[in-house]
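**Q** Structure: run-v3.cif, mmCIF, C-alpha atoms.
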```
data_entry
#
loop_
_atom_site.label_atom_id
_atom_site.label_comp_id
_atom_site.auth_asym_id
_atom_site.auth_seq_id
_atom_site.Cartn_x
_atom_site.Cartn_y
_atom_site.Cartn_z
CA MET A 29 0.00 0.00 0.00
CA SER A 30 2.87 2.39 0.66
CA ASN A 31 3.97 2.06 -2.92
CA GLN A 32 0.46 2.86 -4.05
CA HIS A 33 0.44 6.01 -1.92
CA LYS A 34 3.79 7.11 -3.34
CA GLN A 35 2.59 6.46 -6.89
CA TRP A 36 -0.85 8.09 -6.72
CA GLY A 37 0.15 10.40 -9.57
CA ALA A 38 1.09 7.44 -11.76
CA ILE A 39 -2.19 5.72 -10.87
CA ILE A 40 -4.18 8.76 -12.00
CA ILE A 41 -2.18 8.85 -15.24
CA MET A 42 -2.88 5.18 -15.94
CA MET A 43 -6.58 5.68 -15.24
CA ALA A 44 -6.64 8.60 -17.69
CA LEU A 45 -4.88 6.50 -20.33
CA PHE A 46 -7.35 3.66 -19.69
CA ALA A 47 -10.15 6.12 -20.45
CA MET A 48 -8.45 7.46 -23.57
CA ILE A 49 -8.00 3.95 -24.96
CA ALA A 50 -11.80 3.60 -24.96
CA PHE A 51 -12.36 7.16 -26.22
CA VAL A 52 -10.16 6.79 -29.30
CA THR A 53 -11.13 3.17 -29.99
CA ASN A 54 -14.85 3.90 -29.84
CA LEU A 55 -14.56 6.85 -32.19
CA CYS A 56 -14.47 4.30 -35.01
CA SER A 57 -18.09 3.15 -34.72
CA PRO A 58 -19.82 6.57 -34.93
CA MET A 59 -17.22 7.63 -37.50
CA ALA A 60 -18.64 4.84 -39.69
CA VAL A 61 -21.74 6.99 -40.16
CA ILE A 62 -19.49 9.74 -41.54
CA VAL A 63 -17.55 7.32 -43.74
CA LYS A 64 -20.78 6.01 -45.31
CA ASN A 65 -21.99 9.51 -46.12
CA GLN A 66 -18.78 11.30 -47.14
CA PHE A 67 -17.14 8.45 -49.03
CA GLY A 68 -20.24 6.57 -50.21
CA ALA A 69 -19.04 3.41 -48.48
CA THR A 70 -20.99 0.17 -48.02
CA ASN A 71 -21.68 -1.25 -44.56
CA PHE A 72 -18.60 -3.43 -44.95
CA GLU A 73 -16.41 -0.52 -46.05
CA SER A 74 -17.79 1.93 -43.47
CA GLN A 75 -16.15 -0.04 -40.65
CA ILE A 76 -12.68 0.56 -42.11
CA GLY A 77 -11.72 2.56 -39.03
CA ASN A 78 -12.41 -0.45 -36.83
CA TYR A 79 -10.49 -2.70 -39.23
CA GLY A 80 -7.41 -0.47 -39.19
CA ASN A 81 -7.55 0.09 -35.44
CA PHE A 82 -7.88 -3.54 -34.44
CA ILE A 83 -5.67 -5.12 -37.09
CA ALA A 84 -2.96 -2.88 -35.64
CA TYR A 85 -3.20 -4.97 -32.46
CA LEU A 86 -2.25 -8.06 -34.45
CA VAL A 87 0.80 -6.27 -35.85
CA MET A 88 1.86 -4.44 -32.69
CA GLY A 89 0.99 -6.83 -29.85
CA ILE A 90 4.28 -8.70 -29.57
CA PRO A 91 6.48 -5.70 -30.50
CA SER A 92 4.81 -3.74 -27.67
CA GLY A 93 5.98 -6.34 -25.17
CA MET A 94 9.48 -6.20 -26.64
CA LEU A 95 9.54 -2.40 -26.30
CA ILE A 96 8.59 -2.64 -22.64
CA LYS A 97 11.30 -5.24 -22.05
CA ARG A 98 13.90 -3.06 -23.78
CA PHE A 99 12.93 0.48 -22.70
CA GLY A 100 10.51 0.08 -19.77
CA TYR A 101 6.89 1.07 -19.17
CA LYS A 102 7.37 4.84 -18.98
CA ALA A 103 9.33 5.13 -22.22
CA THR A 104 6.90 2.83 -24.03
CA ALA A 105 3.94 4.91 -22.80
CA LEU A 106 5.63 8.07 -24.09
CA MET A 107 6.27 6.47 -27.47
CA ALA A 108 2.65 5.30 -27.60
CA LEU A 109 1.36 8.81 -26.94
CA VAL A 110 3.48 10.26 -29.74
CA VAL A 111 2.12 7.60 -32.09
CA GLY A 112 -1.41 8.41 -30.89
CA ILE A 113 -1.02 12.12 -31.55
CA ILE A 114 0.15 11.33 -35.09
CA GLY A 115 -2.78 8.96 -35.64
CA ILE A 116 -5.34 11.52 -34.48
CA PHE A 117 -3.74 14.21 -36.66
CA VAL A 118 -3.83 11.97 -39.76
CA GLN A 119 -7.52 11.14 -39.18
CA TRP A 120 -8.26 14.86 -38.91
CA MET A 121 -6.38 15.44 -42.19
CA SER A 122 -8.84 13.15 -43.98
CA GLY A 123 -11.44 15.90 -43.53
CA TRP A 124 -9.34 18.57 -45.27
CA GLU A 125 -10.63 19.85 -48.61
CA SER A 126 -7.16 19.38 -50.10
CA MET A 127 -7.29 15.69 -49.17
CA GLN A 128 -10.61 14.84 -50.82
CA ASN A 129 -9.03 12.77 -53.60
CA CYS A 130 -7.35 10.44 -51.12
CA ALA A 131 -9.42 11.08 -47.97
CA PHE A 132 -10.55 7.47 -47.62
CA ALA A 133 -6.96 6.16 -47.65
CA VAL A 134 -5.81 8.93 -45.27
CA TYR A 135 -8.58 8.06 -42.81
CA LEU A 136 -7.60 4.37 -42.91
CA ALA A 137 -3.93 5.26 -42.31
CA GLY A 138 -4.89 7.40 -39.33
CA ALA A 139 -7.01 4.65 -37.81
CA PHE A 140 -4.19 2.15 -38.28
CA ILE A 141 -1.63 4.44 -36.62
CA ALA A 142 -4.05 5.14 -33.75
CA GLY A 143 -4.44 1.37 -33.35
CA PHE A 144 -0.68 1.06 -32.77
CA CYS A 145 -1.04 3.57 -29.96
CA MET A 146 -4.01 1.76 -28.39
CA CYS A 147 -2.16 -1.56 -28.43
CA MET A 148 0.97 -0.06 -26.86
CA LEU A 149 -1.05 1.72 -24.17
CA ASN A 150 -3.04 -1.41 -23.37
CA THR A 151 0.19 -3.36 -22.99
CA VAL A 152 1.47 -0.68 -20.59
CA VAL A 153 -1.62 0.20 -18.58
CA ASN A 154 -2.86 -3.24 -17.53
CA PRO A 155 0.36 -4.57 -15.93
CA MET A 156 1.27 -1.12 -14.55
CA LEU A 157 -2.02 -0.72 -12.69
CA ASN A 158 -1.62 -4.19 -11.25
CA THR A 159 1.96 -3.40 -10.15
CA LEU A 160 1.06 0.01 -8.71
CA GLY A 161 -1.61 -1.68 -6.62
CA GLY A 162 0.93 -4.16 -5.29
CA GLY A 163 -0.58 -7.10 -7.18
CA GLY A 164 -3.14 -9.45 -5.72
CA ASN A 165 -6.49 -8.02 -4.61
CA GLU A 166 -5.28 -4.42 -4.56
CA GLY A 167 -3.93 -4.71 -8.09
CA ASN A 168 -7.22 -6.24 -9.21
CA LYS A 169 -9.14 -3.36 -7.64
CA LEU A 170 -7.15 -0.85 -9.67
CA LEU A 171 -7.74 -2.83 -12.85
CA GLN A 172 -11.48 -2.92 -12.16
CA LEU A 173 -11.48 0.81 -11.51
CA GLY A 174 -9.57 1.30 -14.74
CA GLY A 175 -12.32 -0.64 -16.50
CA VAL A 176 -14.89 1.72 -15.05
CA PHE A 177 -13.00 4.72 -16.48
CA ASN A 178 -12.74 2.85 -19.77
CA SER A 179 -16.50 2.33 -19.95
CA ALA A 180 -17.23 5.91 -18.89
CA ALA A 181 -15.11 7.23 -21.79
CA ALA A 182 -16.93 4.92 -24.21
CA VAL A 183 -20.25 6.38 -23.07
CA ALA A 184 -18.90 9.91 -23.47
CA VAL A 185 -17.63 9.40 -27.02
CA TYR A 186 -20.98 8.10 -28.29
CA ILE A 187 -22.81 11.04 -26.73
CA LEU A 188 -20.28 13.54 -28.07
CA MET A 189 -20.14 12.09 -31.58
CA GLY A 190 -23.92 11.83 -31.76
CA ALA A 191 -24.19 15.53 -30.95
CA LEU A 192 -21.43 16.47 -33.44
CA ILE A 193 -22.74 14.39 -36.37
CA GLY A 194 -26.37 15.51 -36.12
CA ASP A 195 -27.88 14.71 -39.54
CA ALA A 196 -26.29 11.44 -40.73
CA ALA A 197 -27.05 12.29 -44.37
CA LYS A 198 -24.84 15.38 -44.17
CA ALA A 199 -22.10 14.03 -41.89
CA LYS A 200 -18.49 14.89 -42.75
CA VAL A 201 -15.14 14.11 -41.12
CA ALA A 202 -14.84 17.81 -40.29
CA ASP A 203 -17.87 17.40 -37.99
CA ALA A 204 -15.76 15.18 -35.73
CA THR A 205 -12.99 17.78 -35.34
CA PRO A 206 -13.84 18.69 -31.71
CA ALA A 207 -13.69 15.02 -30.64
CA LEU A 208 -10.38 14.48 -32.44
CA PHE A 209 -8.95 17.64 -30.87
CA ILE A 210 -10.04 16.50 -27.40
CA ALA A 211 -8.25 13.17 -27.90
CA GLY A 212 -5.13 14.86 -29.22
CA ALA A 213 -5.06 17.41 -26.39
CA VAL A 214 -5.37 14.73 -23.71
CA PHE A 215 -2.54 12.77 -25.31
CA ILE A 216 -0.32 15.86 -25.32
CA VAL A 217 -1.09 16.64 -21.67
CA ALA A 218 -0.54 12.99 -20.71
CA PHE A 219 2.82 13.00 -22.52
CA ILE A 220 4.00 16.08 -20.59
CA VAL A 221 2.79 14.73 -17.24
CA ILE A 222 4.35 11.27 -17.75
CA LEU A 223 7.60 12.81 -19.03
CA PHE A 224 8.10 14.70 -15.77
CA SER A 225 6.68 12.02 -13.48
CA LYS A 226 8.72 9.43 -11.64
CA ILE A 227 7.23 6.02 -12.34
CA GLU A 228 8.84 3.03 -10.67
CA GLU A 229 9.34 0.18 -13.08
CA PRO A 230 8.44 -3.39 -12.07
CA ASN A 231 11.35 -5.58 -11.01
CA ASP A 232 13.41 -6.99 -13.85
CA VAL A 233 12.66 -10.70 -13.65
CA GLY A 234 15.00 -11.33 -16.54
CA LYS A 235 18.06 -11.10 -14.26
CA LYS A 236 17.10 -14.25 -12.39
CA ALA A 237 16.43 -16.07 -15.61
CA ALA A 238 19.85 -15.08 -16.99
CA LYS A 239 21.58 -16.91 -14.14
CA LYS A 240 19.89 -20.16 -14.96
CA LYS A 241 21.27 -22.73 -17.33
CA ALA A 242 19.91 -22.04 -20.79
CA VAL A 243 17.54 -24.89 -21.55
CA LYS A 244 15.05 -24.80 -24.38
CA ASP A 245 11.56 -25.44 -23.03
CA LYS A 246 9.67 -27.94 -25.18
CA HIS A 247 6.37 -26.52 -23.93
CA SER A 248 4.71 -23.10 -24.18
CA ALA A 249 1.37 -21.48 -23.46
CA PHE A 250 0.18 -22.97 -26.74
CA SER A 251 0.76 -26.46 -25.36
CA PHE A 252 -2.45 -26.01 -23.34
CA THR A 253 -5.69 -26.83 -25.14
CA HIS A 254 -7.81 -24.65 -22.89
CA PHE A 255 -5.54 -21.68 -23.62
CA LYS A 256 -5.81 -22.11 -27.39
CA LEU A 257 -9.59 -22.40 -27.13
CA GLY A 258 -9.53 -19.33 -24.87
CA ILE A 259 -7.64 -17.33 -27.50
CA LEU A 260 -10.46 -18.07 -29.93
CA ALA A 261 -13.04 -17.13 -27.29
CA ILE A 262 -11.40 -13.71 -26.83
CA PHE A 263 -11.22 -13.28 -30.61
CA LEU A 264 -14.96 -13.93 -30.93
CA TYR A 265 -15.83 -11.95 -27.83
CA MET A 266 -14.65 -8.80 -29.61
CA GLY A 267 -17.36 -9.39 -32.20
CA VAL A 268 -20.03 -9.53 -29.49
CA GLU A 269 -18.84 -6.45 -27.60
CA VAL A 270 -18.30 -4.14 -30.57
CA GLY A 271 -20.57 -5.64 -33.22
CA THR A 272 -23.72 -5.40 -31.12
CA PRO A 273 -23.79 -1.59 -30.58
CA THR A 274 -22.13 -0.81 -33.93
CA TYR A 275 -24.96 -2.24 -35.98
CA VAL A 276 -27.63 -0.85 -33.69
CA LEU A 277 -26.18 2.53 -34.67
CA GLN A 278 -26.18 1.58 -38.36
CA TYR A 279 -29.72 0.16 -38.24
CA LEU A 280 -31.29 3.12 -36.48
CA THR A 281 -29.56 5.78 -38.63
CA GLY A 282 -29.69 3.90 -41.95
CA ASP A 283 -31.67 5.22 -44.92
CA PRO A 284 -35.09 3.48 -45.05
CA ALA A 285 -34.79 3.38 -48.84
CA GLY A 286 -31.18 2.18 -48.86
CA ALA A 287 -29.83 -1.19 -50.00
CA THR A 288 -29.75 -2.18 -46.33
CA PRO A 289 -32.84 -0.41 -44.95
CA GLY A 290 -32.64 1.36 -41.63
CA LEU A 291 -35.01 3.53 -39.64
CA GLY A 292 -33.60 6.91 -40.66
CA MET A 293 -33.34 8.33 -37.15
CA GLU A 294 -31.17 11.34 -36.38
CA ALA A 295 -27.60 10.39 -35.48
CA ASN A 296 -27.49 12.63 -32.42
CA ILE A 297 -30.54 10.88 -30.93
CA VAL A 298 -29.23 7.43 -31.80
CA GLY A 299 -25.81 8.21 -30.35
CA GLN A 300 -27.42 9.08 -27.05
CA ILE A 301 -29.37 5.80 -27.07
CA VAL A 302 -26.40 3.61 -28.02
CA ALA A 303 -24.39 5.27 -25.25
CA ILE A 304 -26.68 3.41 -22.84
CA TYR A 305 -25.02 0.16 -24.01
CA TRP A 306 -21.65 1.41 -22.77
CA LEU A 307 -23.25 2.82 -19.64
CA LEU A 308 -24.58 -0.68 -18.90
CA MET A 309 -21.06 -2.04 -19.38
CA LEU A 310 -19.97 0.46 -16.75
CA VAL A 311 -22.70 -0.80 -14.39
CA GLY A 312 -21.83 -4.41 -15.19
CA ARG A 313 -18.18 -3.88 -14.31
CA PHE A 314 -19.18 -2.46 -10.94
CA ILE A 315 -21.34 -5.52 -10.32
CA GLY A 316 -18.70 -7.93 -11.64
CA GLY A 317 -16.05 -6.44 -9.39
CA SER A 318 -18.28 -6.80 -6.33
CA ILE A 319 -19.21 -10.45 -6.90
CA GLY A 320 -16.06 -11.65 -8.67
CA GLY A 321 -14.58 -13.05 -5.46
CA LYS A 322 -17.69 -15.11 -4.77
CA VAL A 323 -18.67 -16.44 -8.20
CA SER A 324 -16.33 -18.48 -10.40
CA SER A 325 -15.41 -17.17 -13.84
CA ARG A 326 -16.85 -20.34 -15.37
CA ALA A 327 -20.27 -19.81 -13.78
CA MET A 328 -20.24 -16.09 -14.55
CA ILE A 329 -19.38 -16.47 -18.23
CA ALA A 330 -21.77 -19.38 -18.75
CA THR A 331 -24.57 -17.26 -17.30
CA VAL A 332 -23.90 -14.05 -19.24
CA SER A 333 -23.31 -15.87 -22.55
CA THR A 334 -26.64 -17.68 -22.16
CA ILE A 335 -28.39 -14.39 -21.43
CA THR A 336 -26.62 -12.82 -24.44
CA LEU A 337 -28.01 -15.53 -26.72
CA ALA A 338 -31.53 -14.87 -25.43
CA LEU A 339 -31.23 -11.09 -25.74
CA VAL A 340 -29.82 -11.18 -29.28
CA LEU A 341 -32.49 -13.62 -30.44
CA PHE A 342 -35.13 -11.35 -28.95
CA GLY A 343 -33.61 -8.35 -30.73
CA MET A 344 -33.65 -10.18 -34.06
CA LEU A 345 -37.09 -11.76 -33.84
CA ALA A 346 -39.22 -9.17 -32.01
CA PRO A 347 -41.59 -7.53 -34.55
CA SER A 348 -40.42 -4.05 -35.56
CA THR A 349 -44.00 -2.84 -35.08
CA TRP A 350 -43.60 -3.40 -31.34
CA THR A 351 -42.05 -0.20 -30.10
CA ILE A 352 -40.80 1.17 -26.82
CA ASN A 353 -39.58 4.53 -25.58
CA MET A 354 -35.89 4.16 -24.81
CA PRO A 355 -33.85 6.63 -22.78
CA GLY A 356 -30.76 8.49 -23.85
CA ILE A 357 -28.66 11.23 -22.30
CA ASP A 358 -28.59 14.73 -23.78
CA TRP A 359 -25.23 15.63 -22.29
CA ALA A 360 -25.21 19.13 -23.74
CA ASN A 361 -28.37 20.05 -21.83
CA VAL A 362 -27.77 17.62 -18.93
CA SER A 363 -31.14 15.95 -19.46
CA MET A 364 -32.71 12.65 -20.42
CA ILE A 365 -34.19 12.16 -23.87
CA TRP A 366 -36.67 9.51 -24.93
CA ALA A 367 -37.02 8.05 -28.40
CA GLU A 368 -39.40 5.48 -29.84
CA VAL A 369 -37.57 2.45 -31.21
CA PRO A 370 -38.45 -1.20 -31.94
CA VAL A 371 -38.55 -3.17 -28.69
CA GLY A 372 -35.86 -5.50 -30.04
CA ILE A 373 -33.33 -2.68 -29.73
CA LEU A 374 -33.73 -2.95 -25.97
CA GLY A 375 -32.49 -6.55 -26.17
CA PHE A 376 -29.36 -5.49 -28.06
CA ILE A 377 -28.63 -2.64 -25.65
CA LEU A 378 -28.97 -4.93 -22.60
CA VAL A 379 -26.17 -7.11 -24.02
CA GLY A 380 -23.84 -4.46 -22.59
CA LEU A 381 -24.49 -5.83 -19.09
CA CYS A 382 -23.26 -9.23 -20.26
CA THR A 383 -20.17 -8.19 -22.22
CA SER A 384 -18.93 -6.11 -19.28
CA VAL A 385 -17.51 -9.16 -17.48
CA MET A 386 -16.62 -11.40 -20.44
CA TRP A 387 -13.05 -10.23 -21.09
CA GLY A 388 -11.83 -10.74 -17.53
CA GLY A 389 -13.69 -14.03 -17.07
CA ILE A 390 -12.39 -15.56 -20.30
CA PHE A 391 -8.88 -14.38 -19.51
CA ASN A 392 -8.97 -15.96 -16.04
CA MET A 393 -10.17 -19.29 -17.40
CA ALA A 394 -7.69 -19.34 -20.26
CA VAL A 395 -4.58 -18.70 -18.14
CA GLU A 396 -5.63 -20.95 -15.25
CA GLY A 397 -2.82 -23.39 -14.50
CA LEU A 398 -0.34 -21.82 -16.94
CA GLY A 399 2.13 -20.74 -14.25
CA LYS A 400 5.37 -19.50 -15.82
CA TYR A 401 3.71 -19.35 -19.24
CA THR A 402 1.16 -16.72 -18.14
CA SER A 403 3.16 -13.67 -19.28
CA ILE A 404 3.53 -15.02 -22.82
CA ALA A 405 -0.15 -15.91 -22.80
CA SER A 406 -1.04 -12.34 -21.85
CA GLY A 407 0.84 -10.98 -24.84
CA ALA A 408 -0.95 -13.39 -27.15
CA PHE A 409 -4.28 -12.19 -25.77
CA MET A 410 -3.48 -8.64 -26.80
CA THR A 411 -3.04 -9.69 -30.43
CA MET A 412 -6.48 -11.32 -30.38
CA VAL A 413 -8.12 -7.90 -30.05
CA PHE A 414 -7.89 -7.79 -33.85
CA GLY A 415 -10.84 -10.20 -33.79
CA CYS A 416 -12.98 -7.07 -33.64
CA ALA A 417 -11.84 -6.09 -37.14
CA VAL A 418 -12.63 -9.53 -38.53
CA MET A 419 -15.98 -10.08 -36.82
CA VAL A 420 -17.32 -6.54 -37.36
CA ALA A 421 -16.31 -6.84 -41.02
CA LEU A 422 -18.05 -10.22 -41.27
CA GLN A 423 -21.20 -8.79 -39.73
CA GLY A 424 -21.14 -5.87 -42.17
CA TRP A 425 -20.67 -8.29 -45.07
CA VAL A 426 -23.66 -10.35 -43.92
CA ALA A 427 -25.74 -7.15 -43.64
CA ASP A 428 -24.80 -6.19 -47.22
CA ILE A 429 -25.51 -9.67 -48.63
CA ALA A 430 -28.78 -10.17 -46.75
CA GLY A 431 -29.89 -6.55 -47.06
CA SER A 432 -30.77 -6.65 -43.37
CA TYR A 433 -29.04 -5.37 -40.26
CA LEU A 434 -31.04 -7.73 -38.05
CA THR A 435 -29.96 -10.79 -40.05
CA SER A 436 -26.33 -9.78 -39.53
CA TYR A 437 -26.75 -10.57 -35.81
CA PHE A 438 -26.42 -14.27 -36.63
CA VAL A 439 -22.70 -13.49 -36.44
CA VAL A 440 -23.10 -12.28 -32.85
CA LEU A 441 -25.17 -15.36 -32.00
CA GLY A 442 -22.40 -17.65 -33.25
CA CYS A 443 -19.80 -15.81 -31.18
CA ALA A 444 -21.92 -15.98 -28.01
CA ALA A 445 -22.62 -19.68 -28.56
CA TYR A 446 -18.90 -20.45 -28.73
CA ILE A 447 -18.23 -18.47 -25.55
CA LEU A 448 -20.90 -20.57 -23.80
CA PHE A 449 -19.21 -23.74 -25.07
CA TYR A 450 -15.87 -22.49 -23.80
CA ALA A 451 -17.23 -21.72 -20.35
CA LEU A 452 -18.90 -25.12 -19.98
CA ILE A 453 -16.40 -27.43 -21.71
CA GLY A 454 -13.44 -25.79 -23.47
CA SER A 455 -12.04 -24.02 -20.41
CA LYS A 456 -11.14 -27.22 -18.57
CA ASN A 457 -7.39 -27.78 -18.29
CA VAL A 458 -6.65 -31.19 -19.81
CA ASN A 459 -2.87 -30.68 -19.83
CA THR A 460 -2.16 -30.89 -16.11
CA ASP A 461 0.86 -33.12 -16.78
CA ILE A 462 2.89 -30.14 -18.07
CA LYS A 463 5.17 -28.63 -15.41
CA THR A 464 4.47 -24.91 -15.07
CA THR A 465 6.78 -23.77 -12.25
CA GLU A 466 10.42 -22.73 -12.36
CA GLU A 467 11.11 -24.85 -9.29
CA ALA A 468 9.86 -27.95 -11.02
CA GLU A 469 12.08 -27.22 -14.00
CA GLU A 470 15.14 -26.85 -11.78
CA VAL A 471 14.45 -30.21 -10.11
CA LEU A 472 14.16 -31.90 -13.49
CA ASP A 473 17.45 -30.32 -14.64
CA ALA A 474 19.19 -31.69 -11.55
CA ILE A 475 18.07 -35.28 -12.17
#
```
Represent the structure of the file as structure tokens.
**A**
Amino acid sequence: MSNQHKQWGAIIIMMALFAMIAFVTNLCSPMAVIVKNQFGATNFESQIGNYGNFIAYLVMGIPSGMLIKRFGYKATALMALVVGIIGIFVQWMSGWESMQNCAFAVYLAGAFIAGFCMCMLNTVVNPMLNTLGGGGNEGNKLLQLGGVFNSAAAVAVYILMGALIGDAAKAKVADATPALFIAGAVFIVAFIVILFSKIEEPNDVGKKAAKKKAVKDKHSAFSFTHFKLGILAIFLYMGVEVGTPTYVLQYLTGDPAGATPGLGMEANIVGQIVAIYWLLMLVGRFIGGSIGGKVSSRAMIATVSTITLALVLFGMLAPSTWTINMPGIDWANVSMIWAEVPVGILGFILVGLCTSVMWGGIFNMAVEGLGKYTSIASGAFMTMVFGCAVMVALQGWVADIAGSYLTSYFVVLGCAAYILFYALIGSKNVNTDIKTTEEAEEVLDAI
């Protein structure tokens, strides 16, 4: 605890970065409305920001870990912020009149660069918060609190972007300038604060390893079946978390006479409604943190994945003529708004309560029993964030082919069904014969 008291400034910085990861990442979904209008993109093409952002995780996941090992957490965070500032600036450039001939490519480049930043920051923030808390329960508390900040920023970006876009049919990249400037300004401030802050680095565990006899380990994290199945579960989970609200936004704002008919609602109203999804994730993380010590990850994930299946089916099958007044938050006027939408939308929005605890639960199950292989497993998990790009693209492709946003939710159903399978069956460690402790390895070497 003393270390935590000494490092309160660093803790605040990490919390702010946790929030900014969500802010910049979640810009991609409402920006899709702009991409469709300004560039005449299809549903598949409109998600190009998400593709660039999350594919960057696949490219940068392992290099981020190598940067931390070589330069430390502070230096890597500073490098990430510089990359983030560049990414935000390039995305803003795509709205310049002089860039109209290549605006689509410039926007994609900006999203890809920003994705590098998000991956690097994620690789820094998660272990740093755990270390600053002293590990164990205190470290977990800081991580949960970081998740709360993360969700709060996601709510804010949907509200802000909804207000900035206004009429979806007239939306331009230039409309998002205030949001991009906010992100860039926070990155600049964070860079200055971190640069002049003293952040204690975690102990260098590599020194102990260097003293040991170099022996090639025939096993790795990928020797465990439940870990490999867990990697796939995380990959598909990204499709559930991001795909669900993304296509609610597309469905509600879409042109009723378009190739994929929507309801033609105003983007600012829809943004305020979809923000409730991320608000429910915020609530769910509070609940998950309070009961996590009493309920196993297996039981928790089995329950929420089952509920997700029911909610998504309800959202798909409920007649569109059944309507309900759903709340949203008019942040500019600090008031609630109510809008009439098909009752099935409520089912999709409630999925946010379920996805709130999925990442942590799947992670816990997948690394259970991995011992010394856990750190490598954690790095592999970061690369699997690119599953968002694949699954959101697949859902957009299905929407284009079927001409229906609701039909595209079969993709989400498949993802949720696999997560349920993983919780009930795939998460069991069937490779208990593999030695996972350094002590065990030393005993074997001595024989």
**Q** Here's the selection I'm unsure about, the PyMOL selection byres ((chain A and resi 313) around 9); applied to the file above, which residues does it give, as a PyMOL selection string?
**A** chain A and resi 172-173+175-176+179+308-312+314-318+381+384-385
**Q** Just the selected residues (C-alpha atoms), exported as a tab-separated table (two decimals), keeping the file's coordinate frame, please.
**A**
```tsv
chain	number	residue	atom	x	y	z
A	172	GLN	CA	-11.48	-2.92	-12.16
A	173	LEU	CA	-11.48	0.81	-11.51
A	175	GLY	CA	-12.32	-0.64	-16.50
A	176	VAL	CA	-14.89	1.72	-15.05
A	179	SER	CA	-16.50	2.33	-19.95
A	308	LEU	CA	-24.58	-0.68	-18.90
A	309	MET	CA	-21.06	-2.04	-19.38
A	310	LEU	CA	-19.97	0.46	-16.75
A	311	VAL	CA	-22.70	-0.80	-14.39
A	312	GLY	CA	-21.83	-4.41	-15.19
A	314	PHE	CA	-19.18	-2.46	-10.94
A	315	ILE	CA	-21.34	-5.52	-10.32
A	316	GLY	CA	-18.70	-7.93	-11.64
A	317	GLY	CA	-16.05	-6.44	-9.39
A	318	SER	CA	-18.28	-6.80	-6.33
A	381	LEU	CA	-24.49	-5.83	-19.09
A	384	SER	CA	-18.93	-6.11	-19.28
A	385	VAL	CA	-17.51	-9.16	-17.48
```
**Q** Applying the PyMOL selection byres ((chain A and resi 147) around 8) to the file I just gave you, which residues come out? Please list them as a VMD selection string.
**A** chain A and resid 84 to 85 88 to 89 92 143 to 146 148 to 151 410
**Q** What does the PyMOL selection byres ((chain A and resi 291) around 8) select in this file, as an MDAnalysis selection string?
**A** chainID A and resid 279:284 289:290 292:293
**Q** Between A:Ser325, A:Asn129, A:Thr411, A:Thr274, which has the minimum distance to Gly424 (chain A) (counting all atoms listed in the file)?
**A**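 Closest candidate: A:Thr274.
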**Q** Give me the box for region 362-381 of chain A as lines of an AutoDock Vina configuration file, namely the centre and edge lengths in Å to one decimal of a box along x, y and z that holds every listed atom plus 5 Å on each side.
**A**
```
center_x = -31.6
center_y = 5.3
center_z = -25.4
size_x = 25.6
size_y = 34.7
size_z = 23.0
```
**Q** Go ahead and compute the interatomic distance for CA of Ala421 (chain A) and CA of Tyr79 (chain A), in Å to one decimal.
**A**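 A separation of 7.4 Å between them.
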**Q** Could you please determine the separation between CA of Trp36 (chain A) and CA of Val185 (chain A) in Å, to one decimal place?
**A**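 CA of Trp36 (chain A) sits 26.4 Å away from CA of Val185 (chain A).
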**Q** Could you check which residues have any atom within 8 Å of (-16.2, -18.5, -15.3), counting all atoms listed in the file with coordinates taken straight from the file, and then list them as a PDB file with C-alpha atoms, keeping the file's coordinate frame?
**A**
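Result written to point.pdb:
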```pdb
ATOM      1  CA  VAL A 323     -18.670 -16.440  -8.200  1.00  0.00           C
ATOM      2  CA  SER A 324     -16.330 -18.480 -10.400  1.00  0.00           C
ATOM      3  CA  SER A 325     -15.410 -17.170 -13.840  1.00  0.00           C
ATOM      4  CA  ARG A 326     -16.850 -20.340 -15.370  1.00  0.00           C
ATOM      5  CA  ALA A 327     -20.270 -19.810 -13.780  1.00  0.00           C
ATOM      6  CA  MET A 328     -20.240 -16.090 -14.550  1.00  0.00           C
ATOM      7  CA  ILE A 329     -19.380 -16.470 -18.230  1.00  0.00           C
ATOM      8  CA  ALA A 330     -21.770 -19.380 -18.750  1.00  0.00           C
ATOM      9  CA  GLY A 389     -13.690 -14.030 -17.070  1.00  0.00           C
ATOM     10  CA  ILE A 390     -12.390 -15.560 -20.300  1.00  0.00           C
ATOM     11  CA  ASN A 392      -8.970 -15.960 -16.040  1.00  0.00           C
ATOM     12  CA  MET A 393     -10.170 -19.290 -17.400  1.00  0.00           C
ATOM     13  CA  ALA A 451     -17.230 -21.720 -20.350  1.00  0.00           C
TER      14      ALA A 451
END
```
**Q** From the list A:Gly380, A:Gly77, A:Gly138, A:Gly343, which residue is nearest Ala182 (chain A) when using only C-alpha atoms?
**A**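 For Ala182 (chain A), the nearest of the candidates is A:Gly380.
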**Q** So that each row is one residue of region 249-277 of chain A with an atom at most 12 Å from region 370-379 of chain A, can you give its shortest atom pair and the distance in Å to one decimal, using all atoms listed in the file, rows by chain and rising number, as a Markdown table?
**A**
```
| residue | atom | partner | partner_atom | distance |
| --- | --- | --- | --- | --- |
| A:Val268 | CA | A:Val379 | CA | 8.6 |
| A:Glu269 | CA | A:Val379 | CA | 8.2 |
| A:Val270 | CA | A:Val379 | CA | 10.7 |
| A:Gly271 | CA | A:Phe376 | CA | 10.2 |
| A:Thr272 | CA | A:Phe376 | CA | 6.4 |
| A:Pro273 | CA | A:Ile377 | CA | 7.0 |
| A:Thr274 | CA | A:Phe376 | CA | 10.4 |
| A:Tyr275 | CA | A:Phe376 | CA | 9.6 |
| A:Val276 | CA | A:Ile373 | CA | 7.2 |
| A:Leu277 | CA | A:Ile373 | CA | 10.1 |
```
